[in-house]
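A.B. asks: Below is a structure I'd like to ask you about.
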Number of protein chains: 2
Amino acid sequence: MNKVIYLKKRPEGKPQLSDFEIKEDQKPECGDGELLLETLYVSVDPYLRGRMRDEKSYIEPFKLDQPLESAVVAKVTESKNDDFNSGDYVMGMLQWKQIQTHSGKGLRKVDKDLAPLSAYLGVLGMTGLTAYFGLLDIGEPKEGETVLVSGAAGAVGSIVGQIAKIKGCKAIGIAGSDEKINLITEKFGFDSGINYSETDNMTAAIGNHAPDGVDVYFDNVGSYTLDAAMNNINRFGRVINCGAISLYNETEQPTGPRLETTIVKKSIKMQGFIVRNYEDRFEEGVQQLGKWLKEGKLKHEETIVDDFDQIPQAFIDLFDGKNKGKMVVKA
Amino acid sequence: MNKVIYLKKRPEGKPQLSDFEIKEDQKPECGDGELLLETLYVSVDPYLRGRMRDEKSYIEPFKLDQPLESAVVAKVTESKNDDFNSGDYVMGMLQWKQIQTHSGKGLRKVDKDLAPLSAYLGVLGMTGLTAYFGLLDIGEPKEGETVLVSGAAGAVGSIVGQIAKIKGCKAIGIAGSDEKINLITEKFGFDSGINYSETDNMTAAIGNHAPDGVDVYFDNVGSYTLDAAMNNINRFGRVINCGAISLYNETEQPTGPRLETTIVKKSIKMQGFIVRNYEDRFEEGVQQLGKWLKEGKLKHEETIVDDFDQIPQAFIDLFDGKNKGKMVVKA
């Protein structure tokens, strides 16, 4: 049998297991020009929460009673397509199915010997590229500057801090437990970390860690953490709006202090992006990240959850910060 | 005698006449290497409100019981400085004094025959340059795009809309009276205008005027007008945070809807600036603006208030939108 995960209900607030349904289908047949793919690793990512809303965005919303999808590494088990051979490993946007057919369009072959397959969903995949292009292209960090990152122990944030260090910056991370702060300072080489769950006054805490102010803030969480970063930002500071995980489950329009006076007075740039904006430069990013990985300059962390049925729970756990580094399900 | 305007009290909320004091001093003597300047035109600008607060900013706050200053056009009535002759016209940051001495440092000579002297405080001065660099450098408008401007009948906004038209964009202005809307559409060539004082739902009004969405929003006012523009912004939209006049007199931290989700989802750039960031390119800006002015592609409007004693009132009137185009006091 072939398990498939459907979106049963659009989540209200934090997603729940009852929003998902696992059904069993027949195994599909490989048609002419097609591939048969066996799912090996499935990426769960905060941005998927946005696609579960029925609203216009940069990407089509998920449909109710249809299979969900995300970035997946799969093995080609049968090929009737000249571009792929049985035994190839590929990654791409694939449905949450144990086995599926595919036209091959948009799939990328990945090299099992260069890095473990799961890395293509993390440091050499969308999250690594998100860190790379967001920090370097929007943040433009200069040697000696202070780079602050929220979600610092997460898949994107942990890479952001390491690239900041490679570029000669001071890297300060914000995360939600002492264990995560240890991880980012010990393993990832951040200069220091702030455990927000034990901090009453984030503005003061950032000020203590960044006595010269913040030049670049890479924001994965939004809300009051962004406000506190803005209270410490230097003239000509750059804010990279990568995500706002703290707001994704809100059901009402969240409010906060108006930032436009600071933006004008300090000549701040705030810029949002999604990694797909850089699609034509992905190869450059993968090459550079792969090089740093090989040289030992970049370390990565994964939280690998066993097995296919656990995909919904792993996704839900993202919002409780249960992952360290990239959250991946081994199918 | 020589009248001088002092800051007597730091304004709380909207500035009042009692925050200022006009005193009479002796006429100064021209020392070695100095100039004696007679004030002709005085610029009053919203940003001066910020300097009246006792807080760190990009520019030193005004001191209590000291003369105020702003951009001024003056005539050299005596010169003991080789770089200037008696009879020259100059502009620069000068004190609110009828007559003052000056070292000559930072003063720029202006050509009375190229444009009326007051124009050097507006279209060929800081406000024209603010429009020029903000729109072109941060906004990067492309032919066929929709440019929305708030404070559209003001000194900066009226130039922004005209440059947008020169660049082949659709220009929509927001202003506070039907008279101003007529001014921007009839004289300045905006495609259309929104009278915010007669509009309940700014989001819907902008949507009606910009059915294809807003690509570039030049924000002079901040607050709910910014929110409404953000509700209509297109993917890859650019917001130029030039000012937030609606917030300058606030005494408490203003709040509003959080914008970071929109910024991420639509890959928006919001960037603040002050014109001084472009100091090394002023000459380029003045040349281009002067060329457009000569070619009749750029029209400008001034509200010229008579005389020196009226400087404080003219400044206060900015916050009631009593100016059309640049507000200038003829001393």
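Ordered as shown in the structure tokens, chains take letters A, B, and onward, while each chain numbers its residues from 1 and ligands are numbered from 1 in the order shown.
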Could you give me, as a ChimeraX atom specification, the residues within 12 Å of B:Arg51, counting only C-alpha atoms and dropping anything in the same chain fewer than 6 positions from it?

C.D. replies: /A:265 /B:7,10-11,45,57-64,68-70,248

A.B. asks: Write the residues you've just listed into a file as a PDB file, in the first residue's frame, and include N, CA, C and O atoms for each of them.

C.D. replies:
ATOM      1  N   LYS A 265      14.608  57.765  10.503  1.00  0.00           N
ATOM      2  CA  LYS A 265      15.657  58.461  11.244  1.00  0.00           C
ATOM      3  C   LYS A 265      17.011  57.807  11.098  1.00  0.00           C
ATOM      4  O   LYS A 265      18.038  58.474  11.089  1.00  0.00           O
TER       5      LYS A 265
ATOM      6  N   LEU B   7      14.670  78.824  20.371  1.00  0.00           N
ATOM      7  CA  LEU B   7      13.807  77.754  20.888  1.00  0.00           C
ATOM      8  C   LEU B   7      13.670  77.970  22.398  1.00  0.00           C
ATOM      9  O   LEU B   7      14.639  77.835  23.143  1.00  0.00           O
ATOM     10  N   ARG B  10      10.823  73.003  24.505  1.00  0.00           N
ATOM     11  CA  ARG B  10      10.666  71.877  23.577  1.00  0.00           C
ATOM     12  C   ARG B  10       9.172  71.592  23.435  1.00  0.00           C
ATOM     13  O   ARG B  10       8.485  71.405  24.437  1.00  0.00           O
ATOM     14  N   PRO B  11       8.667  71.580  22.189  1.00  0.00           N
ATOM     15  CA  PRO B  11       7.229  71.360  22.008  1.00  0.00           C
ATOM     16  C   PRO B  11       6.795  70.010  22.582  1.00  0.00           C
ATOM     17  O   PRO B  11       7.544  69.033  22.522  1.00  0.00           O
ATOM     18  N   ASP B  45      10.556  73.151   7.493  1.00  0.00           N
ATOM     19  CA  ASP B  45      10.434  71.761   7.062  1.00  0.00           C
ATOM     20  C   ASP B  45       9.993  70.882   8.221  1.00  0.00           C
ATOM     21  O   ASP B  45      10.422  71.102   9.355  1.00  0.00           O
ATOM     22  N   SER B  57      19.843  61.577  17.365  1.00  0.00           N
ATOM     23  CA  SER B  57      19.345  61.273  16.034  1.00  0.00           C
ATOM     24  C   SER B  57      20.489  61.482  15.065  1.00  0.00           C
ATOM     25  O   SER B  57      21.644  61.594  15.469  1.00  0.00           O
ATOM     26  N   TYR B  58      20.195  61.509  13.770  1.00  0.00           N
ATOM     27  CA  TYR B  58      21.257  61.686  12.783  1.00  0.00           C
ATOM     28  C   TYR B  58      21.801  63.105  12.813  1.00  0.00           C
ATOM     29  O   TYR B  58      22.803  63.412  12.210  1.00  0.00           O
ATOM     30  N   ILE B  59      21.128  63.986  13.515  1.00  0.00           N
ATOM     31  CA  ILE B  59      21.532  65.381  13.562  1.00  0.00           C
ATOM     32  C   ILE B  59      21.368  65.857  15.003  1.00  0.00           C
ATOM     33  O   ILE B  59      20.487  65.402  15.720  1.00  0.00           O
ATOM     34  N   GLU B  60      22.254  66.741  15.420  1.00  0.00           N
ATOM     35  CA  GLU B  60      22.253  67.205  16.807  1.00  0.00           C
ATOM     36  C   GLU B  60      20.932  67.917  17.146  1.00  0.00           C
ATOM     37  O   GLU B  60      20.439  68.711  16.350  1.00  0.00           O
ATOM     38  N   PRO B  61      20.361  67.646  18.309  1.00  0.00           N
ATOM     39  CA  PRO B  61      19.120  68.340  18.666  1.00  0.00           C
ATOM     40  C   PRO B  61      19.379  69.848  18.857  1.00  0.00           C
ATOM     41  O   PRO B  61      20.475  70.255  19.221  1.00  0.00           O
ATOM     42  N   PHE B  62      18.341  70.642  18.593  1.00  0.00           N
ATOM     43  CA  PHE B  62      18.419  72.066  18.924  1.00  0.00           C
ATOM     44  C   PHE B  62      18.590  72.225  20.427  1.00  0.00           C
ATOM     45  O   PHE B  62      18.059  71.440  21.214  1.00  0.00           O
ATOM     46  N   LYS B  63      19.299  73.281  20.815  1.00  0.00           N
ATOM     47  CA  LYS B  63      19.461  73.557  22.243  1.00  0.00           C
ATOM     48  C   LYS B  63      18.438  74.606  22.664  1.00  0.00           C
ATOM     49  O   LYS B  63      18.105  75.511  21.900  1.00  0.00           O
ATOM     50  N   LEU B  64      17.972  74.474  23.881  1.00  0.00           N
ATOM     51  CA  LEU B  64      17.049  75.485  24.426  1.00  0.00           C
ATOM     52  C   LEU B  64      17.766  76.825  24.542  1.00  0.00           C
ATOM     53  O   LEU B  64      18.968  76.874  24.819  1.00  0.00           O
ATOM     54  N   LEU B  68      17.397  78.924  16.432  1.00  0.00           N
ATOM     55  CA  LEU B  68      17.089  77.791  15.560  1.00  0.00           C
ATOM     56  C   LEU B  68      17.807  77.974  14.228  1.00  0.00           C
ATOM     57  O   LEU B  68      18.335  79.055  13.948  1.00  0.00           O
ATOM     58  N   GLU B  69      17.802  76.924  13.416  1.00  0.00           N
ATOM     59  CA  GLU B  69      18.399  77.054  12.087  1.00  0.00           C
ATOM     60  C   GLU B  69      17.697  76.141  11.098  1.00  0.00           C
ATOM     61  O   GLU B  69      17.025  75.178  11.484  1.00  0.00           O
ATOM     62  N   SER B  70      17.826  76.476   9.836  1.00  0.00           N
ATOM     63  CA  SER B  70      17.302  75.650   8.745  1.00  0.00           C
ATOM     64  C   SER B  70      17.997  76.107   7.461  1.00  0.00           C
ATOM     65  O   SER B  70      18.901  76.944   7.510  1.00  0.00           O
ATOM     66  N   TYR B 248       5.020  62.823  13.951  1.00  0.00           N
ATOM     67  CA  TYR B 248       6.065  63.662  14.546  1.00  0.00           C
ATOM     68  C   TYR B 248       5.631  64.342  15.842  1.00  0.00           C
ATOM     69  O   TYR B 248       6.461  64.673  16.678  1.00  0.00           O
TER      70      TYR B 248
END

A.B. asks: Would you tabulate, counting only C-alpha atoms, all residues of chain A that have an atom at most 7 Å from an atom of chain B, showing the closest pair of atoms and their distance in Å to one decimal, sorted by chain then ascending number, as a tab-separated table?

C.D. replies:
residue	atom	partner	partner_atom	distance
A:Ser57	CA	B:Lys265	CA	6.6
A:Tyr58	CA	B:Lys265	CA	6.6
A:Gly222	CA	B:Glu260	CA	6.5
A:Asn241	CA	B:Val264	CA	5.6
A:Cys242	CA	B:Val264	CA	6.0
A:Gly243	CA	B:Val264	CA	6.2
A:Ala244	CA	B:Thr261	CA	6.3
A:Gln253	CA	B:Pro257	CA	6.5
A:Pro254	CA	B:Arg258	CA	5.7
A:Thr255	CA	B:Pro257	CA	4.1
A:Gly256	CA	B:Thr255	CA	5.2
A:Pro257	CA	B:Thr255	CA	4.1
A:Arg258	CA	B:Thr255	CA	4.9
A:Glu260	CA	B:Gly222	CA	6.5
A:Thr261	CA	B:Ala244	CA	6.3
A:Ile263	CA	B:Gly272	CA	4.9
A:Val264	CA	B:Gly272	CA	4.1
A:Lys265	CA	B:Tyr58	CA	6.6
A:Lys266	CA	B:Tyr58	CA	6.9
A:Ser267	CA	B:Phe273	CA	4.2
A:Ile268	CA	B:Gly272	CA	5.2
A:Lys269	CA	B:Gln271	CA	4.2
A:Met270	CA	B:Met270	CA	5.1
A:Gln271	CA	B:Lys269	CA	4.2
A:Gly272	CA	B:Val264	CA	4.1
A:Phe273	CA	B:Ser267	CA	4.2
A:Ile274	CA	B:Ser267	CA	6.6

A.B. asks: Any chance you could export the current selection's N, CA, C and O atoms as a compact mmCIF listing (two decimals), in the first residue's frame?

C.D. replies:
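Once written, selection.txt looks like this:
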# COMPACT_ATOMS: atom_id res chain seq x y z
N SER A 57 -1.07 34.32 -2.23
CA SER A 57 0.29 34.57 -1.79
C SER A 57 1.20 34.32 -2.97
O SER A 57 0.75 34.17 -4.10
N TYR A 58 2.51 34.25 -2.71
CA TYR A 58 3.45 34.02 -3.79
C TYR A 58 3.36 32.60 -4.31
O TYR A 58 3.92 32.25 -5.33
N GLY A 222 9.89 37.62 13.65
CA GLY A 222 8.97 38.76 13.67
C GLY A 222 8.58 39.18 15.06
O GLY A 222 9.20 38.79 16.06
N ASN A 241 13.96 40.36 6.36
CA ASN A 241 12.71 39.74 6.81
C ASN A 241 12.55 38.41 6.11
O ASN A 241 12.07 38.34 4.98
N CYS A 242 12.98 37.37 6.79
CA CYS A 242 12.98 36.04 6.18
C CYS A 242 11.75 35.27 6.59
O CYS A 242 11.22 34.46 5.85
N GLY A 243 11.28 35.50 7.80
CA GLY A 243 10.12 34.79 8.28
C GLY A 243 9.56 35.48 9.49
O GLY A 243 10.16 36.41 10.03
N ALA A 244 8.39 35.02 9.90
CA ALA A 244 7.74 35.60 11.07
C ALA A 244 6.99 34.49 11.78
O ALA A 244 5.80 34.56 12.00
N GLN A 253 -5.22 40.10 13.07
CA GLN A 253 -4.11 40.96 12.64
C GLN A 253 -3.29 41.40 13.86
O GLN A 253 -3.79 42.11 14.73
N PRO A 254 -2.03 40.97 13.97
CA PRO A 254 -1.23 41.39 15.12
C PRO A 254 -0.79 42.85 15.00
O PRO A 254 -0.59 43.35 13.89
N THR A 255 -0.68 43.50 16.13
CA THR A 255 -0.25 44.90 16.13
C THR A 255 1.04 45.04 16.94
O THR A 255 1.44 44.14 17.67
N GLY A 256 1.67 46.18 16.78
CA GLY A 256 2.91 46.44 17.51
C GLY A 256 3.31 47.88 17.28
O GLY A 256 2.60 48.63 16.60
N PRO A 257 4.44 48.27 17.87
CA PRO A 257 4.91 49.63 17.71
C PRO A 257 5.17 49.95 16.24
O PRO A 257 5.64 49.08 15.49
N ARG A 258 4.87 51.15 15.84
CA ARG A 258 5.15 51.56 14.45
C ARG A 258 6.65 51.78 14.29
O ARG A 258 7.27 52.45 15.10
N GLU A 260 8.13 53.04 11.43
CA GLU A 260 8.56 53.91 10.32
C GLU A 260 9.41 55.09 10.77
O GLU A 260 10.27 55.56 10.02
N THR A 261 9.22 55.57 12.00
CA THR A 261 10.05 56.69 12.45
C THR A 261 11.52 56.25 12.57
O THR A 261 12.42 56.95 12.12
N ILE A 263 12.86 53.76 10.94
CA ILE A 263 13.32 53.47 9.58
C ILE A 263 13.79 54.74 8.88
O ILE A 263 14.83 54.75 8.23
N VAL A 264 13.05 55.84 9.07
CA VAL A 264 13.46 57.12 8.46
C VAL A 264 14.69 57.66 9.17
O VAL A 264 15.70 57.99 8.53
N LYS A 265 14.61 57.77 10.50
CA LYS A 265 15.66 58.46 11.24
C LYS A 265 17.01 57.81 11.10
O LYS A 265 18.04 58.47 11.09
N LYS A 266 17.01 56.48 11.01
CA LYS A 266 18.28 55.75 10.96
C LYS A 266 18.61 55.22 9.56
O LYS A 266 19.53 54.42 9.42
N SER A 267 17.84 55.62 8.57
CA SER A 267 18.10 55.16 7.19
C SER A 267 18.21 53.64 7.12
O SER A 267 19.17 53.08 6.62
N ILE A 268 17.18 52.98 7.64
CA ILE A 268 17.17 51.52 7.71
C ILE A 268 16.58 50.92 6.44
O ILE A 268 15.63 51.47 5.88
N LYS A 269 17.14 49.80 6.03
CA LYS A 269 16.51 49.00 4.97
C LYS A 269 15.93 47.75 5.60
O LYS A 269 16.62 47.02 6.29
N MET A 270 14.62 47.53 5.38
CA MET A 270 13.99 46.26 5.76
C MET A 270 13.56 45.61 4.47
O MET A 270 12.85 46.23 3.68
N GLN A 271 13.96 44.38 4.27
CA GLN A 271 13.59 43.75 3.01
C GLN A 271 13.22 42.30 3.20
O GLN A 271 13.94 41.53 3.83
N GLY A 272 12.06 41.95 2.67
CA GLY A 272 11.59 40.57 2.72
C GLY A 272 11.95 39.84 1.44
O GLY A 272 12.21 40.46 0.41
N PHE A 273 12.00 38.53 1.52
CA PHE A 273 12.32 37.75 0.32
C PHE A 273 11.87 36.32 0.53
O PHE A 273 11.61 35.89 1.66
N ILE A 274 11.76 35.61 -0.55
CA ILE A 274 11.66 34.16 -0.48
C ILE A 274 12.78 33.62 -1.36
O ILE A 274 13.21 34.28 -2.31

A.B. asks: Just the residues within 12 Å of A:Phe218, please, counting only C-alpha atoms, with nothing from its chain fewer than 6 positions along; format it as a tab-separated table (two decimals) with N, CA, C and O atoms, in the first residue's frame.

C.D. replies:
chain	number	residue	atom	x	y	z
A	130	THR	N	18.53	29.93	1.59
A	130	THR	CA	17.81	31.05	2.19
A	130	THR	C	18.77	31.88	3.05
A	130	THR	O	18.79	33.12	2.97
A	131	ALA	N	19.56	31.18	3.86
A	131	ALA	CA	20.55	31.87	4.69
A	131	ALA	C	21.56	32.61	3.82
A	131	ALA	O	21.90	33.77	4.06
A	132	TYR	N	22.03	31.92	2.80
A	132	TYR	CA	23.10	32.45	1.94
A	132	TYR	C	22.66	33.71	1.22
A	132	TYR	O	23.31	34.77	1.31
A	133	PHE	N	21.54	33.64	0.50
A	133	PHE	CA	21.14	34.80	-0.30
A	133	PHE	C	20.59	35.93	0.57
A	133	PHE	O	20.83	37.11	0.33
A	134	GLY	N	19.83	35.56	1.61
A	134	GLY	CA	19.28	36.60	2.47
A	134	GLY	C	20.38	37.40	3.15
A	134	GLY	O	20.39	38.63	3.09
A	135	LEU	N	21.31	36.70	3.77
A	135	LEU	CA	22.37	37.41	4.50
A	135	LEU	C	23.27	38.19	3.55
A	135	LEU	O	23.54	39.38	3.76
A	136	LEU	N	23.72	37.53	2.48
A	136	LEU	CA	24.75	38.17	1.65
A	136	LEU	C	24.14	39.20	0.69
A	136	LEU	O	24.69	40.29	0.52
A	137	ASP	N	23.00	38.88	0.10
A	137	ASP	CA	22.47	39.77	-0.92
A	137	ASP	C	21.69	40.94	-0.32
A	137	ASP	O	21.83	42.07	-0.76
A	138	ILE	N	20.89	40.68	0.69
A	138	ILE	CA	20.12	41.77	1.31
A	138	ILE	C	20.90	42.39	2.46
A	138	ILE	O	20.95	43.60	2.61
A	139	GLY	N	21.51	41.54	3.30
A	139	GLY	CA	22.18	42.05	4.50
A	139	GLY	C	23.51	42.73	4.23
A	139	GLY	O	23.92	43.60	4.99
A	140	GLU	N	24.18	42.33	3.18
A	140	GLU	CA	25.48	42.90	2.82
A	140	GLU	C	26.39	43.13	4.05
A	140	GLU	O	26.81	44.26	4.31
A	141	PRO	N	26.67	42.07	4.81
A	141	PRO	CA	27.48	42.25	6.03
A	141	PRO	C	28.93	42.61	5.69
A	141	PRO	O	29.48	42.07	4.73
A	146	THR	N	28.19	43.83	13.37
A	146	THR	CA	27.46	42.93	14.25
A	146	THR	C	26.21	42.42	13.55
A	146	THR	O	25.38	43.21	13.10
A	147	VAL	N	26.11	41.09	13.47
A	147	VAL	CA	24.96	40.44	12.85
A	147	VAL	C	24.16	39.72	13.93
A	147	VAL	O	24.71	38.91	14.67
A	148	LEU	N	22.89	40.05	14.03
A	148	LEU	CA	21.99	39.40	14.98
A	148	LEU	C	21.04	38.50	14.21
A	148	LEU	O	20.54	38.89	13.15
A	149	VAL	N	20.78	37.29	14.75
A	149	VAL	CA	19.92	36.33	14.07
A	149	VAL	C	18.92	35.76	15.06
A	149	VAL	O	19.33	35.31	16.14
A	150	SER	N	17.66	35.77	14.72
A	150	SER	CA	16.68	35.07	15.55
A	150	SER	C	16.41	33.69	14.95
A	150	SER	O	16.74	33.45	13.78
A	151	GLY	N	15.83	32.81	15.73
A	151	GLY	CA	15.71	31.43	15.28
A	151	GLY	C	17.08	30.86	15.01
A	151	GLY	O	17.29	30.10	14.06
A	152	ALA	N	18.03	31.22	15.87
A	152	ALA	CA	19.45	30.99	15.56
A	152	ALA	C	19.84	29.52	15.57
A	152	ALA	O	20.82	29.13	14.94
A	156	VAL	N	17.72	27.72	9.15
A	156	VAL	CA	18.23	28.90	8.46
A	156	VAL	C	19.19	29.67	9.36
A	156	VAL	O	20.32	29.99	8.98
A	157	GLY	N	18.75	29.95	10.58
A	157	GLY	CA	19.52	30.79	11.49
A	157	GLY	C	20.91	30.24	11.78
A	157	GLY	O	21.89	31.00	11.86
A	158	SER	N	21.02	28.92	11.92
A	158	SER	CA	22.33	28.34	12.25
A	158	SER	C	23.32	28.55	11.11
A	158	SER	O	24.52	28.71	11.34
A	159	ILE	N	22.83	28.56	9.89
A	159	ILE	CA	23.71	28.81	8.74
A	159	ILE	C	24.03	30.30	8.62
A	159	ILE	O	25.17	30.70	8.31
A	160	VAL	N	23.05	31.15	8.90
A	160	VAL	CA	23.26	32.60	8.85
A	160	VAL	C	24.42	33.01	9.76
A	160	VAL	O	25.34	33.73	9.35
A	161	GLY	N	24.39	32.52	11.01
A	161	GLY	CA	25.44	32.89	11.96
A	161	GLY	C	26.82	32.43	11.51
A	161	GLY	O	27.81	33.15	11.66
A	163	ILE	N	27.81	31.89	8.36
A	163	ILE	CA	28.27	32.69	7.21
A	163	ILE	C	28.72	34.07	7.71
A	163	ILE	O	29.72	34.61	7.24
A	164	ALA	N	28.00	34.61	8.71
A	164	ALA	CA	28.42	35.89	9.30
A	164	ALA	C	29.86	35.79	9.83
A	164	ALA	O	30.68	36.68	9.63
A	171	ALA	N	28.71	37.50	15.48
A	171	ALA	CA	27.40	36.86	15.30
A	171	ALA	C	26.75	36.61	16.65
A	171	ALA	O	27.34	35.97	17.53
A	172	ILE	N	25.54	37.14	16.82
A	172	ILE	CA	24.78	36.95	18.05
A	172	ILE	C	23.48	36.25	17.68
A	172	ILE	O	22.80	36.66	16.73
A	173	GLY	N	23.16	35.19	18.41
A	173	GLY	CA	21.96	34.43	18.10
A	173	GLY	C	20.90	34.54	19.18
A	173	GLY	O	21.23	34.72	20.36
A	174	ILE	N	19.65	34.44	18.78
A	174	ILE	CA	18.53	34.39	19.72
A	174	ILE	C	17.86	33.04	19.55
A	174	ILE	O	17.56	32.64	18.41
A	225	THR	N	10.44	40.40	18.94
A	225	THR	CA	11.89	40.23	18.75
A	225	THR	C	12.40	41.22	17.69
A	225	THR	O	13.47	41.82	17.86
A	226	LEU	N	11.61	41.40	16.66
A	226	LEU	CA	11.94	42.41	15.65
A	226	LEU	C	11.96	43.81	16.28
A	226	LEU	O	12.88	44.60	16.05
A	229	ALA	N	15.09	44.25	18.27
A	229	ALA	CA	16.25	44.43	17.38
A	229	ALA	C	16.26	45.86	16.84
A	229	ALA	O	17.31	46.51	16.79
A	230	MET	N	15.09	46.36	16.46
A	230	MET	CA	15.00	47.72	15.91
A	230	MET	C	15.40	48.76	16.97
A	230	MET	O	15.90	49.83	16.63
A	233	ILE	N	19.17	49.03	16.61
A	233	ILE	CA	19.77	49.02	15.27
A	233	ILE	C	20.60	50.28	15.04
A	233	ILE	O	20.27	51.36	15.54
A	237	GLY	N	21.39	50.40	9.16
A	237	GLY	CA	21.19	48.99	9.47
A	237	GLY	C	20.33	48.31	8.41
A	237	GLY	O	19.53	48.95	7.73
A	238	ARG	N	20.54	47.01	8.27
A	238	ARG	CA	19.76	46.21	7.31
A	238	ARG	C	19.00	45.14	8.07
A	238	ARG	O	19.60	44.43	8.88
A	239	VAL	N	17.71	45.03	7.78
A	239	VAL	CA	16.89	43.98	8.38
A	239	VAL	C	16.43	43.06	7.26
A	239	VAL	O	15.84	43.51	6.28
A	240	ILE	N	16.75	41.78	7.41
A	240	ILE	CA	16.34	40.78	6.43
A	240	ILE	C	15.10	40.10	6.98
A	240	ILE	O	15.17	39.38	7.97
A	241	ASN	N	13.96	40.36	6.36
A	241	ASN	CA	12.71	39.74	6.81
A	241	ASN	C	12.55	38.41	6.11
A	241	ASN	O	12.07	38.34	4.98
A	242	CYS	N	12.98	37.37	6.79
A	242	CYS	CA	12.98	36.04	6.18
A	242	CYS	C	11.75	35.27	6.59
A	242	CYS	O	11.22	34.46	5.85
A	243	GLY	N	11.28	35.50	7.80
A	243	GLY	CA	10.12	34.79	8.28
A	243	GLY	C	9.56	35.48	9.49
A	243	GLY	O	10.16	36.41	10.03
A	244	ALA	N	8.39	35.02	9.90
A	244	ALA	CA	7.74	35.60	11.07
A	244	ALA	C	6.99	34.49	11.78
A	244	ALA	O	5.80	34.56	12.00
A	269	LYS	N	17.14	49.80	6.03
A	269	LYS	CA	16.51	49.00	4.97
A	269	LYS	C	15.93	47.75	5.60
A	269	LYS	O	16.62	47.02	6.29
A	270	MET	N	14.62	47.53	5.38
A	270	MET	CA	13.99	46.26	5.76
A	270	MET	C	13.56	45.61	4.47
A	270	MET	O	12.85	46.23	3.68
A	271	GLN	N	13.96	44.38	4.27
A	271	GLN	CA	13.59	43.75	3.01
A	271	GLN	C	13.22	42.30	3.20
A	271	GLN	O	13.94	41.53	3.83
A	272	GLY	N	12.06	41.95	2.67
A	272	GLY	CA	11.59	40.57	2.72
A	272	GLY	C	11.95	39.84	1.44
A	272	GLY	O	12.21	40.46	0.41
A	273	PHE	N	12.00	38.53	1.52
A	273	PHE	CA	12.32	37.75	0.32
A	273	PHE	C	11.87	36.32	0.53
A	273	PHE	O	11.61	35.89	1.66
B	264	VAL	N	7.55	39.85	4.14
B	264	VAL	CA	8.12	38.56	3.74
B	264	VAL	C	7.36	37.99	2.54
B	264	VAL	O	7.96	37.64	1.52

A.B. asks: Grab the atom CA of A:Leu37 to atom CA of A:Lys9 distance for me, in Å with one decimal place.

C.D. replies: 27.2 Å

A.B. asks: Looking only at the backbone, which of the residues in stretch 9-162 of chain B does DSSP tag as alpha helix (DSSP H), as a list in words?

C.D. replies: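 Here is the list: Leu48, Arg49, Gly50, Arg51, Met126, Thr127, Gly128, Leu129, Thr130, Ala131, Tyr132, Phe133, Ala155, Val156, Gly157, Ser158, Ile159, Val160, Gly161 and Gln162 of chain B.
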